[in-house]
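Raw contents of protein-v7.cif, mmCIF, C-alpha atoms and all ligand atoms:
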data_start
#
loop_
_atom_site.label_atom_id
_atom_site.label_comp_id
_atom_site.auth_asym_id
_atom_site.auth_seq_id
_atom_site.Cartn_x
_atom_site.Cartn_y
_atom_site.Cartn_z
CA MET H 236 -0.76 -3.72 15.90
CA THR H 237 -2.54 -0.51 16.80
CA ASP H 238 -5.18 1.30 14.75
CA LEU H 239 -3.69 2.85 11.67
CA PRO H 240 -4.54 6.47 10.87
CA LYS H 241 -7.37 6.83 8.37
CA THR H 242 -6.25 8.29 5.06
CA ALA H 243 -9.08 10.44 3.74
CA LEU H 244 -7.56 11.21 0.34
CA ASN H 245 -6.64 8.72 -2.36
CA PRO H 246 -3.00 8.03 -3.30
CA ALA H 247 -3.07 9.98 -6.59
CA THR H 248 -4.27 13.11 -4.76
CA LEU H 249 -1.87 12.71 -1.85
CA ALA H 250 1.12 12.14 -4.12
CA ALA H 251 0.41 14.90 -6.65
CA ARG H 252 0.08 17.44 -3.83
CA ALA H 253 3.12 16.05 -1.95
CA GLY H 254 0.88 15.31 1.02
CA GLY H 255 0.00 19.02 1.31
CA ALA H 256 3.57 20.33 1.57
CA ILE H 257 4.24 23.82 0.20
CA ASP H 258 6.97 26.36 0.93
CA PHE H 259 5.35 28.22 3.80
CA GLY H 260 8.11 30.87 3.79
CA SER H 261 7.61 32.03 0.19
CA GLY H 262 4.16 30.63 -0.58
CA GLY H 263 5.68 28.55 -3.39
CA VAL H 264 3.70 25.43 -4.33
CA VAL H 265 6.91 23.40 -4.05
CA PRO H 266 8.81 23.12 -0.75
CA GLY H 267 12.31 24.57 -0.74
CA ILE H 268 15.59 22.73 -0.17
CA TYR H 269 16.73 23.24 3.41
CA PRO H 270 20.48 22.55 3.60
CA ALA H 271 21.12 24.09 7.06
CA THR H 272 22.92 21.64 9.35
CA THR H 273 22.13 23.58 12.52
CA PHE H 274 19.10 25.58 13.67
CA VAL H 275 18.70 28.73 15.76
CA ARG H 276 17.23 28.94 19.29
CA ASP H 277 15.47 32.08 20.62
CA ALA H 278 16.52 34.17 23.64
CA ASP H 279 14.81 31.65 25.95
CA TYR H 280 16.84 28.90 24.29
CA VAL H 281 13.81 27.36 22.58
CA PRO H 282 14.32 26.14 19.00
CA LEU H 283 12.70 28.61 16.59
CA ALA H 284 10.94 26.06 14.39
CA ASP H 285 9.49 22.55 14.87
CA GLY H 286 11.98 21.66 17.65
CA ASN H 287 14.77 21.63 15.02
CA THR H 288 18.28 21.69 16.49
CA TYR H 289 20.66 19.70 14.23
CA LEU H 290 20.28 18.13 10.78
CA ARG H 291 21.18 14.57 11.81
CA SER H 292 18.06 14.41 13.99
CA HIS H 293 15.89 17.05 12.31
CA ALA H 294 15.93 16.99 8.54
CA PRO H 295 13.09 19.18 7.16
CA ASN H 296 13.22 17.80 3.61
CA GLY H 297 13.39 14.23 4.88
CA ARG H 298 10.43 14.90 7.15
CA ILE H 299 8.25 16.06 4.22
CA VAL H 300 8.94 12.83 2.31
CA GLU H 301 8.34 10.78 5.45
CA ASP H 302 4.96 12.43 6.03
CA LEU H 303 3.90 11.68 2.46
CA LEU H 304 5.10 8.07 2.62
CA ALA H 305 3.34 7.53 5.97
CA GLN H 306 0.09 8.80 4.42
CA LEU H 307 0.48 6.58 1.35
CA GLU H 308 1.23 3.52 3.49
CA GLY H 309 -1.44 4.21 6.14
CA ALA H 310 1.48 4.22 8.60
CA GLN H 311 1.90 5.96 11.95
CA ASP H 312 5.41 7.06 11.01
CA ALA H 313 8.09 6.71 8.35
CA MET H 314 11.84 7.24 8.10
CA VAL H 315 14.07 7.79 5.08
CA PHE H 316 17.67 6.58 4.74
CA PRO H 317 20.55 7.22 2.32
CA SER H 318 19.98 3.83 0.59
CA GLY H 319 17.69 0.84 0.73
CA MET H 320 20.49 -1.21 2.29
CA ALA H 321 20.91 1.41 5.05
CA ALA H 322 17.23 0.84 5.89
CA VAL H 323 17.74 -2.95 5.89
CA ALA H 324 20.76 -2.59 8.17
CA ALA H 325 18.90 -0.25 10.54
CA VAL H 326 16.22 -2.91 11.11
CA PHE H 327 18.64 -5.82 11.60
CA ARG H 328 20.80 -3.86 14.05
CA THR H 329 17.84 -4.04 16.48
CA VAL H 330 18.19 -7.85 16.75
CA PRO H 331 20.16 -8.80 19.88
CA ASN H 332 23.37 -10.84 19.61
CA GLY H 333 22.45 -14.50 19.78
CA GLY H 334 18.89 -13.79 18.56
CA CYS H 335 17.11 -15.40 15.63
CA VAL H 336 15.75 -14.11 12.30
CA LEU H 337 13.72 -15.76 9.55
CA VAL H 338 14.48 -14.53 6.04
CA GLN H 339 12.79 -15.40 2.77
CA GLN H 340 14.93 -17.37 0.30
CA GLN H 341 15.78 -15.99 -3.16
CA ILE H 342 15.04 -12.34 -2.52
CA TYR H 343 17.20 -9.41 -3.69
CA TRP H 344 20.69 -10.88 -3.59
CA GLY H 345 22.29 -7.87 -1.89
CA THR H 346 19.92 -8.17 1.08
CA THR H 347 20.63 -11.90 1.47
CA ALA H 348 24.40 -11.44 1.22
CA TRP H 349 24.48 -8.62 3.77
CA ILE H 350 22.19 -10.42 6.25
CA ARG H 351 24.27 -13.63 6.06
CA ASP H 352 27.44 -11.73 6.86
CA PHE H 353 25.81 -9.64 9.61
CA CYS H 354 24.23 -12.64 11.33
CA ALA H 355 27.51 -14.58 11.24
CA ARG H 356 29.37 -11.66 12.85
CA ARG H 357 26.74 -11.13 15.57
CA GLY H 358 26.02 -14.78 16.44
CA ILE H 359 22.41 -14.45 15.21
CA GLU H 360 20.68 -17.63 14.06
CA LEU H 361 19.62 -17.12 10.43
CA VAL H 362 16.84 -19.34 9.06
CA GLU H 363 16.29 -19.00 5.29
CA ILE H 364 12.89 -20.22 4.18
CA GLU H 365 10.66 -20.33 1.08
CA ALA H 366 8.16 -17.80 2.40
CA ALA H 367 5.75 -18.27 -0.53
CA ASP H 368 5.13 -21.70 1.04
CA THR H 369 2.76 -20.53 3.80
CA GLY H 370 2.87 -23.85 5.71
CA ALA H 371 6.68 -24.03 5.71
CA PHE H 372 6.88 -20.41 6.86
CA ALA H 373 4.45 -20.98 9.76
CA ALA H 374 6.27 -24.18 10.81
CA ALA H 375 9.62 -22.35 10.80
CA CYS H 376 8.16 -19.54 12.95
CA GLU H 377 6.86 -22.08 15.47
CA LYS H 378 10.15 -23.99 15.56
CA HIS H 379 12.61 -21.07 15.69
CA ARG H 380 10.54 -18.30 17.36
CA PRO H 381 12.35 -15.51 15.45
CA HIS H 382 12.67 -11.91 16.65
CA LEU H 383 11.74 -10.84 13.17
CA ALA H 384 10.81 -12.31 9.83
CA TRP H 385 11.83 -10.62 6.56
CA ILE H 386 9.86 -11.12 3.37
CA GLU H 387 9.76 -9.52 -0.10
CA THR H 388 6.61 -9.61 -2.28
CA PRO H 389 6.71 -9.72 -5.28
CA SER H 390 10.28 -10.95 -4.85
CA ASN H 391 13.19 -9.84 -7.01
CA PRO H 392 13.91 -11.53 -9.45
CA TRP H 393 11.70 -14.64 -8.93
CA LEU H 394 8.38 -12.75 -8.59
CA ARG H 395 7.22 -15.02 -5.77
CA ILE H 396 4.13 -13.81 -3.91
CA VAL H 397 4.02 -14.13 -0.12
CA ASP H 398 0.72 -14.23 1.80
CA LEU H 399 1.26 -11.16 4.00
CA LYS H 400 -1.58 -11.85 6.41
CA ALA H 401 -0.63 -15.50 6.96
CA ALA H 402 3.04 -14.50 7.45
CA ALA H 403 2.11 -11.75 9.93
CA ASP H 404 -0.17 -14.12 11.91
CA ALA H 405 2.55 -16.79 12.06
CA VAL H 406 5.32 -14.53 13.32
CA HIS H 407 3.04 -12.59 15.70
CA ALA H 408 1.98 -15.89 17.29
CA VAL H 409 5.57 -16.33 18.55
CA GLY H 410 6.06 -12.68 19.53
CA GLY H 411 8.10 -11.60 16.49
CA ALA H 412 7.66 -8.80 13.95
CA LEU H 413 7.02 -9.03 10.21
CA ILE H 414 9.09 -6.72 8.00
CA ALA H 415 8.06 -6.58 4.34
CA ASP H 416 10.31 -5.29 1.57
CA MET H 417 7.67 -3.79 -0.74
CA THR H 418 10.11 -2.14 -3.18
CA THR H 419 8.54 -3.72 -6.26
CA ALA H 420 4.89 -3.07 -5.36
CA THR H 421 5.19 0.36 -3.69
CA PRO H 422 2.24 1.48 -1.49
CA VAL H 423 0.24 2.20 -4.64
CA LEU H 424 -0.15 -1.51 -5.42
CA THR H 425 0.01 -3.00 -1.89
CA ARG H 426 -0.26 -1.43 1.55
CA ALA H 427 1.42 -4.21 3.51
CA LEU H 428 0.62 -2.71 6.93
CA SER H 429 -3.09 -3.21 6.23
CA PHE H 430 -2.36 -6.97 5.89
CA GLY H 431 -0.61 -7.07 9.28
CA ALA H 432 3.05 -6.32 8.50
CA ASP H 433 4.71 -4.34 11.32
CA VAL H 434 7.19 -2.44 9.17
CA VAL H 435 7.39 -1.85 5.41
CA MET H 436 10.76 -1.32 3.77
CA HIS H 437 11.52 0.25 0.37
CA SER H 438 14.54 0.79 -1.75
CA ALA H 439 13.28 4.28 -2.64
CA THR H 440 15.99 4.23 -5.33
CA LYS H 441 13.46 2.20 -7.34
CA GLY H 442 9.76 2.87 -7.95
CA LEU H 443 9.19 5.45 -5.23
CA ASN H 444 11.60 7.89 -6.86
CA GLY H 445 11.23 6.38 -10.31
CA HIS H 446 13.80 8.42 -12.23
CA ALA H 447 17.05 6.55 -11.56
CA ASP H 448 18.65 9.65 -10.06
CA VAL H 449 18.35 9.23 -6.27
CA LEU H 450 19.77 6.54 -3.98
CA ALA H 451 17.48 6.27 -0.94
CA GLY H 452 15.71 3.87 1.40
CA ALA H 453 12.60 4.07 3.56
CA LEU H 454 10.76 2.36 6.40
CA ALA H 455 7.13 2.85 7.46
CA VAL H 456 5.62 1.49 10.67
CA ALA H 457 2.20 0.42 11.94
CA ASN H 458 2.95 1.30 15.58
CA ARG H 459 5.38 4.15 16.21
CA GLN H 460 5.58 3.27 19.93
CA SER H 461 6.91 -0.24 19.24
CA ALA H 462 10.31 -1.05 20.76
CA LEU H 463 11.63 -1.93 17.31
CA TRP H 464 10.71 1.48 15.86
CA GLN H 465 12.07 3.38 18.85
CA ALA H 466 15.36 1.48 18.49
CA VAL H 467 15.59 2.16 14.73
CA HIS H 468 14.87 5.84 15.34
CA ALA H 469 17.54 6.15 18.02
CA ASP H 470 20.00 4.28 15.81
CA ARG H 471 19.45 6.61 12.85
CA ASP H 472 19.76 9.72 15.03
CA MET H 473 22.98 8.56 16.64
CA ALA H 474 24.63 6.45 13.94
CA GLY H 475 23.69 9.04 11.32
CA ALA H 476 22.28 7.17 8.30
CA VAL H 477 20.37 10.29 7.21
CA LEU H 478 19.19 11.17 3.68
CA GLY H 479 20.61 14.48 2.43
CA PRO H 480 18.27 17.47 1.82
CA PHE H 481 18.72 17.55 -1.96
CA GLU H 482 18.12 13.80 -2.34
CA ALA H 483 15.01 14.07 -0.15
CA TRP H 484 13.74 16.99 -2.24
CA LEU H 485 14.28 15.06 -5.50
CA LEU H 486 12.60 11.98 -4.01
CA LEU H 487 9.54 14.05 -3.12
CA ARG H 488 9.39 15.34 -6.70
CA GLY H 489 9.57 11.77 -8.02
CA MET H 490 6.85 10.57 -5.66
CA ARG H 491 4.34 13.12 -6.97
CA THR H 492 3.84 10.94 -10.05
CA LEU H 493 4.16 7.55 -8.33
CA PRO H 494 0.52 6.40 -8.81
CA LEU H 495 0.55 7.46 -12.47
CA ARG H 496 3.84 5.68 -13.13
CA MET H 497 2.85 2.47 -11.35
CA GLU H 498 -0.37 2.30 -13.32
CA ARG H 499 1.39 2.70 -16.67
CA MET H 500 4.30 0.41 -15.81
CA SER H 501 1.95 -2.31 -14.60
CA ALA H 502 -0.19 -2.08 -17.75
CA ASN H 503 2.93 -2.21 -19.95
CA ALA H 504 4.44 -5.12 -18.00
CA LEU H 505 1.24 -7.17 -18.32
CA LYS H 506 1.15 -6.61 -22.09
CA LEU H 507 4.80 -7.68 -22.40
CA ALA H 508 4.24 -10.73 -20.17
CA GLU H 509 1.34 -11.83 -22.39
CA PHE H 510 3.43 -11.25 -25.51
CA LEU H 511 6.38 -13.21 -24.11
CA GLN H 512 4.36 -16.19 -22.91
CA ASP H 513 3.27 -16.86 -26.50
CA HIS H 514 6.73 -16.35 -27.99
CA PRO H 515 8.42 -19.51 -29.37
CA ALA H 516 11.89 -18.47 -28.10
CA VAL H 517 10.65 -18.20 -24.50
CA GLU H 518 10.53 -21.11 -22.05
CA THR H 519 8.75 -19.49 -19.06
CA VAL H 520 7.45 -16.09 -18.00
CA LEU H 521 7.38 -15.11 -14.31
CA TYR H 522 4.81 -12.36 -13.79
CA PRO H 523 2.12 -12.38 -11.05
CA GLY H 524 -0.39 -10.74 -13.42
CA LEU H 525 -0.52 -13.89 -15.58
CA PRO H 526 -3.19 -16.44 -14.57
CA SER H 527 -0.53 -19.16 -15.12
CA HIS H 528 1.65 -17.71 -12.29
CA THR H 529 1.55 -19.80 -9.09
CA GLY H 530 0.95 -16.69 -6.96
CA HIS H 531 -1.68 -15.11 -9.25
CA ALA H 532 -4.76 -15.65 -7.04
CA LEU H 533 -2.93 -14.25 -4.01
CA ALA H 534 -1.55 -11.34 -6.02
CA VAL H 535 -5.11 -10.48 -7.11
CA GLN H 536 -6.09 -10.33 -3.42
CA GLN H 537 -3.07 -8.35 -2.22
CA MET H 538 -2.34 -6.03 -5.14
CA THR H 539 -4.64 -3.25 -6.33
CA GLY H 540 -4.36 -1.52 -9.68
CA GLY H 541 -1.70 -3.74 -11.25
CA PHE H 542 1.14 -6.17 -10.65
CA GLY H 543 4.17 -3.90 -10.90
CA PRO H 544 7.02 -3.19 -13.29
CA LEU H 545 9.17 -6.27 -12.62
CA LEU H 546 8.97 -9.31 -14.88
CA SER H 547 11.39 -12.18 -15.51
CA PHE H 548 11.44 -14.66 -18.38
CA VAL H 549 13.62 -17.59 -19.34
CA VAL H 550 14.94 -17.70 -22.89
CA LYS H 551 15.24 -21.17 -24.46
CA GLY H 552 18.86 -22.21 -24.98
CA GLY H 553 20.41 -20.87 -21.77
CA ALA H 554 22.89 -18.06 -21.11
CA LYS H 555 24.15 -17.77 -24.70
CA ASN H 556 20.73 -17.09 -26.20
CA ALA H 557 19.63 -14.87 -23.31
CA LEU H 558 22.73 -12.69 -23.57
CA GLN H 559 22.37 -12.58 -27.34
CA ALA H 560 18.77 -11.34 -27.02
CA ALA H 561 19.75 -8.74 -24.39
CA GLY H 562 22.58 -7.59 -26.66
CA LYS H 563 20.15 -7.00 -29.55
CA MET H 564 17.71 -4.88 -27.52
CA LYS H 565 17.64 -1.26 -28.63
CA LEU H 566 15.16 0.33 -26.19
CA PHE H 567 15.83 -1.66 -23.01
CA HIS H 568 19.02 -0.40 -21.38
CA ARG H 569 21.28 -3.26 -20.26
CA ALA H 570 21.51 -2.11 -16.64
CA THR H 571 20.68 -3.21 -13.10
CA SER H 572 17.96 -1.68 -10.84
CA LEU H 573 14.22 -1.34 -11.41
CA GLY H 574 11.19 0.92 -11.10
CA GLY H 575 12.43 3.81 -13.29
CA VAL H 576 10.56 5.43 -16.16
CA GLU H 577 12.93 3.85 -18.70
CA SER H 578 12.88 0.08 -19.34
CA LEU H 579 15.88 -2.03 -18.30
CA VAL H 580 17.01 -5.58 -18.97
CA GLU H 581 19.36 -7.62 -16.80
CA HIS H 582 20.96 -11.06 -17.04
CA ARG H 583 20.92 -11.91 -13.32
CA HIS H 584 22.94 -15.12 -13.71
CA THR H 585 25.97 -13.00 -14.70
CA ILE H 586 25.58 -11.01 -11.44
CA GLU H 587 24.77 -13.87 -9.04
CA PRO H 588 25.95 -17.12 -10.71
CA HIS H 589 25.77 -19.33 -7.58
CA THR H 590 22.22 -18.64 -6.41
CA GLY H 591 20.22 -20.98 -8.62
CA ILE H 592 19.06 -18.31 -11.10
CA PRO H 593 18.35 -20.04 -14.44
CA GLU H 594 21.10 -19.23 -16.95
CA GLY H 595 18.55 -18.14 -19.53
CA LEU H 596 16.69 -15.74 -17.20
CA LEU H 597 16.33 -12.12 -18.24
CA ARG H 598 14.79 -9.68 -15.78
CA LEU H 599 12.92 -6.71 -17.17
CA SER H 600 12.03 -3.51 -15.37
CA VAL H 601 9.26 -2.18 -17.56
CA GLY H 602 9.06 1.60 -17.87
CA ILE H 603 6.43 4.04 -19.08
CA GLU H 604 7.32 4.00 -22.78
CA ASP H 605 4.79 3.01 -25.44
CA ALA H 606 3.99 -0.70 -24.96
CA GLY H 607 3.95 -1.33 -28.73
CA ASP H 608 7.48 0.04 -29.12
CA LEU H 609 8.70 -2.15 -26.24
CA MET H 610 7.02 -5.22 -27.72
CA ASP H 611 8.57 -4.56 -31.14
CA ASP H 612 11.99 -4.29 -29.50
CA LEU H 613 11.59 -7.59 -27.62
CA GLY H 614 10.26 -9.23 -30.78
CA GLN H 615 13.23 -8.21 -32.93
CA ALA H 616 15.70 -9.15 -30.14
CA LEU H 617 14.21 -12.64 -29.69
CA GLY H 618 13.72 -13.19 -33.42
CA GLN H 619 10.11 -13.56 -34.57
N1 LIG H 701 15.42 -4.40 -1.81
C1 LIG H 701 15.20 -4.68 -3.11
C2 LIG H 701 14.00 -5.51 -3.48
C3 LIG H 701 16.07 -4.22 -4.10
O1 LIG H 701 15.81 -4.50 -5.39
C4 LIG H 701 17.19 -3.44 -3.72
C5 LIG H 701 18.15 -2.94 -4.73
O2 LIG H 701 18.19 -3.42 -5.85
C6 LIG H 701 17.40 -3.16 -2.35
C7 LIG H 701 16.50 -3.66 -1.43
C8 LIG H 701 18.57 -2.34 -1.90
O3 LIG H 701 18.33 -0.99 -2.13
P1 LIG H 701 19.47 0.11 -2.47
O4 LIG H 701 20.14 -0.31 -3.74
O5 LIG H 701 18.69 1.38 -2.57
O6 LIG H 701 20.42 0.12 -1.32
#

Spell out the structure here as structure tokens.
Ligand code: PLP
Amino acid sequence: MTDLPKTALNPATLAARAGGAIDFGSGGVVPGIYPATTFVRDADYVPLADGNTYLRSHAPNGRIVEDLLAQLEGAQDAMVFPSGMAAVAAVFRTVPNGGCVLVQQQIYWGTTAWIRDFCARRGIELVEIEAADTGAFAAACEKHRPHLAWIETPSNPWLRIVDLKAAADAVHAVGGALIADMTTATPVLTRALSFGADVVMHSATKGLNGHADVLAGALAVANRQSALWQAVHADRDMAGAVLGPFEAWLLLRGMRTLPLRMERMSANALKLAEFLQDHPAVETVLYPGLPSHTGHALAVQQMTGGFGPLLSFVVKGGAKNALQAAGKMKLFHRATSLGGVESLVEHRHTIEPHTGIPEGLLRLSVGIEDAGDLMDDLGQALGQ
């Protein structure tokens, strides 16, 4: 890992000011939307602006978001993609046929399902491991010597906490790279590169954008000269997984309030977790902000300013009671996804019945509404 650039300003300032981007053409405080797919050269055949020639390789709106994300992450560079899964795929396509990858167990189901299929097709050895078990993770690195290790912290929907520094040390010792899906935390709560991760990944569809109206993904890197980053860059330029100008513009608008939203969501989620852990209809609450959570001490070390919007709890009485409670909720939308300003509830067992998710588990994405209103809604749905 090389030295990361020093970020002089704090996240709230960087985000609110979109990293300093304005519309230099008009003087507007908000950058414009630049839909041009091709860019003019002068009489000497030199591109008129910023080396721009063609939108697939030079996307001005994407570049503004990438600059802001890189500053928030303390990264040397960042790239945006048309979905989180496009960013996942871009990283895995750098692994050679016949290579080896280590992937955390029980992470976002879509990531696991896609990686399993991809590795089978490409003859890549896939080792799935409980990465919250630091010893097991290190032993697996030593045994399999993976090209890359993929972790997610806090994980979705189990809220497991992975020791980023220990994971980075273990995979670096065998020459591999650590990629951390930090969708749930966002750079406001954890800057994974500062703990030794090589690349951070986000489903920007979630907290980064925060308004459930943009599908996007992002990567940020500690060392822009690394072979992995160069390969991902070349792959995006040529294979064309590029975020459109309007989506990038909307994402930038969402990111202006990211620190404010994460603070409020985290405060709300902690209040709801405390409420739920004392509720007689609830068996268990999974939230890293609770002292009873197995990853709490580590979360306190790795997360700053809160523990994020994602919280799972198991309703006593299994699927029937959980679905009944979800059905009675009036404020929580029954919908998938997370990290938006409005609260959501999801019965994950219905979506992924064969992955060991408890039948009574409900996953909440806690929004920025009034915490008292949310608590009242949960209370009436669970029956007080
Ligand atoms: N990673 C995590 C943790 C997710 O929750 C998701 C989506 O739910 C993804 C990756 C995939 O992102 P997208 O839906 O933007 O493709």

Find the nearest atom pair between each residue of chain H and ligand LIG 701 (chain H) for residues within 6 Å, count all atoms listed in the file, give distances in Å to one decimal, sort rows by chain and ascending number, and present the table as a tab-separated table.
residue	atom	partner	partner_atom	distance
H:Ser318	CA	H:LIG701	O6	4.2
H:Gly319	CA	H:LIG701	O3	3.5
H:Met320	CA	H:LIG701	O6	3.8
H:Tyr343	CA	H:LIG701	C2	5.0
H:Asn391	CA	H:LIG701	C2	5.6
H:Thr418	CA	H:LIG701	C2	5.2
H:Ser438	CA	H:LIG701	O3	4.2
H:Thr440	CA	H:LIG701	O5	4.8
H:Leu450	CA	H:LIG701	O5	5.5
H:Ala451	CA	H:LIG701	O5	5.3
H:Gly452	CA	H:LIG701	O5	5.6
H:Ser572	CA	H:LIG701	O2	5.3

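A distance cut-off of 7 Å around (21.3, -13.2, 19.0), counting only C-alpha atoms, selects these protein and nucleic acid residues: Val330, Pro331, Asn332, Gly333, Gly334, Cys335, Arg357, Gly358, Ile359 and Glu360 of chain H.
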
Now that the selection is made, can you save its residues with C-alpha atoms as an mmCIF file, in the frame of the given file?
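Result file result25.cif:
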data_model
loop_
_atom_site.group_PDB
_atom_site.id
_atom_site.type_symbol
_atom_site.label_atom_id
_atom_site.label_comp_id
_atom_site.auth_asym_id
_atom_site.auth_seq_id
_atom_site.Cartn_x
_atom_site.Cartn_y
_atom_site.Cartn_z
ATOM 1 C CA VAL H 330 18.190 -7.850 16.750
ATOM 2 C CA PRO H 331 20.160 -8.800 19.880
ATOM 3 C CA ASN H 332 23.370 -10.840 19.610
ATOM 4 C CA GLY H 333 22.450 -14.500 19.780
ATOM 5 C CA GLY H 334 18.890 -13.790 18.560
ATOM 6 C CA CYS H 335 17.110 -15.400 15.630
ATOM 7 C CA ARG H 357 26.740 -11.130 15.570
ATOM 8 C CA GLY H 358 26.020 -14.780 16.440
ATOM 9 C CA ILE H 359 22.410 -14.450 15.210
ATOM 10 C CA GLU H 360 20.680 -17.630 14.060
#

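In this comparison, which uses all atoms listed in the file, the residue of H:Ala561, H:Ala469, H:Leu394, H:Val300 approaching H:Gly530 most closely is H:Leu394.
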
For H:Ala405, the nearest of the candidates H:Ala324, H:Val336, H:Cys376, H:Ala427, counting only C-alpha atoms: H:Cys376

Two-atom distance - atom CA of H:Glu308, atom CA of H:Arg426 (Å): 5.5 Å

Determine, counting all atoms listed in the file, every residue of protein, DNA or RNA that lies within 9 Å of (-5.3, -4.2, -3.9) in the file coordinates, then give the result as a ChimeraX atom specification. /H:423-426,534-541

Do a neighbour search on H:Gly370 at 10 Å with all atoms listed in the file, toss out local chain neighbours closer than 4 positions, and write the hits as a JSON list (two decimals) with C-alpha atoms, in the coordinates of the input.
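Contents of result-v5.json, as written:
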[["chain", "number", "residue", "atom", "x", "y", "z"],
["H", 365, "GLU", "CA", 10.66, -20.33, 1.08],
["H", 366, "ALA", "CA", 8.16, -17.80, 2.40],
["H", 374, "ALA", "CA", 6.27, -24.18, 10.81],
["H", 375, "ALA", "CA", 9.62, -22.35, 10.80],
["H", 376, "CYS", "CA", 8.16, -19.54, 12.95],
["H", 401, "ALA", "CA", -0.63, -15.50, 6.96],
["H", 402, "ALA", "CA", 3.04, -14.50, 7.45],
["H", 405, "ALA", "CA", 2.55, -16.79, 12.06]]

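Here atom CA of H:Gly595 is placed at a distance of 28.0 Å from atom CA of H:His437.
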
Atom CA of H:Thr571 to atom CA of H:Ala474, distance in Å rounded to a single decimal: 29.0 Å

I'd like the neighbourhood of H:Ala348 as number ranges by chain, where a residue qualifies if any of its atoms comes within 12 Å (using all atoms listed in the file), though same-chain residues fewer than 3 positions away should be ignored. H: 320, 323-324, 338, 340-345, 351-355, 361, 363, 587, 589-590

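Among the candidates H:Ala447, H:Ala476, H:Leu493, H:Ala570, the one nearest to H:Ala321 when counting all atoms listed in the file is H:Ala476.
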
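The nearest approach to H:Asp470 among the residues H:Leu617, H:Val326, H:Ala251, H:Ala457, with all atoms listed in the file taken into account, belongs to H:Val326.
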
Give me the residues near H:His528 as a count of residues only, where near means some atom within 12 Å (using only C-alpha atoms) and where sequence neighbours in that chain fewer than 6 positions away do not count. 18

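Between H:Tyr289 and the candidates H:Val477, H:Ala403, H:Leu337, H:Ala420, the tightest atom-to-atom separation, counting all atoms listed in the file, involves H:Val477.
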
Nearest residue to H:Leu443 out of H:Leu495, H:Leu507, H:Leu596, H:Ala373, using all atoms listed in the file? H:Leu495

Near H:Ala305, within 12 Å and counting all atoms listed in the file, which residues show up once chain neighbours fewer than 2 positions away are dropped, as a ChimeraX atom specification? /H:239-242,246,249-250,253-254,298-303,307-315,422,426,428,434-436,453-459
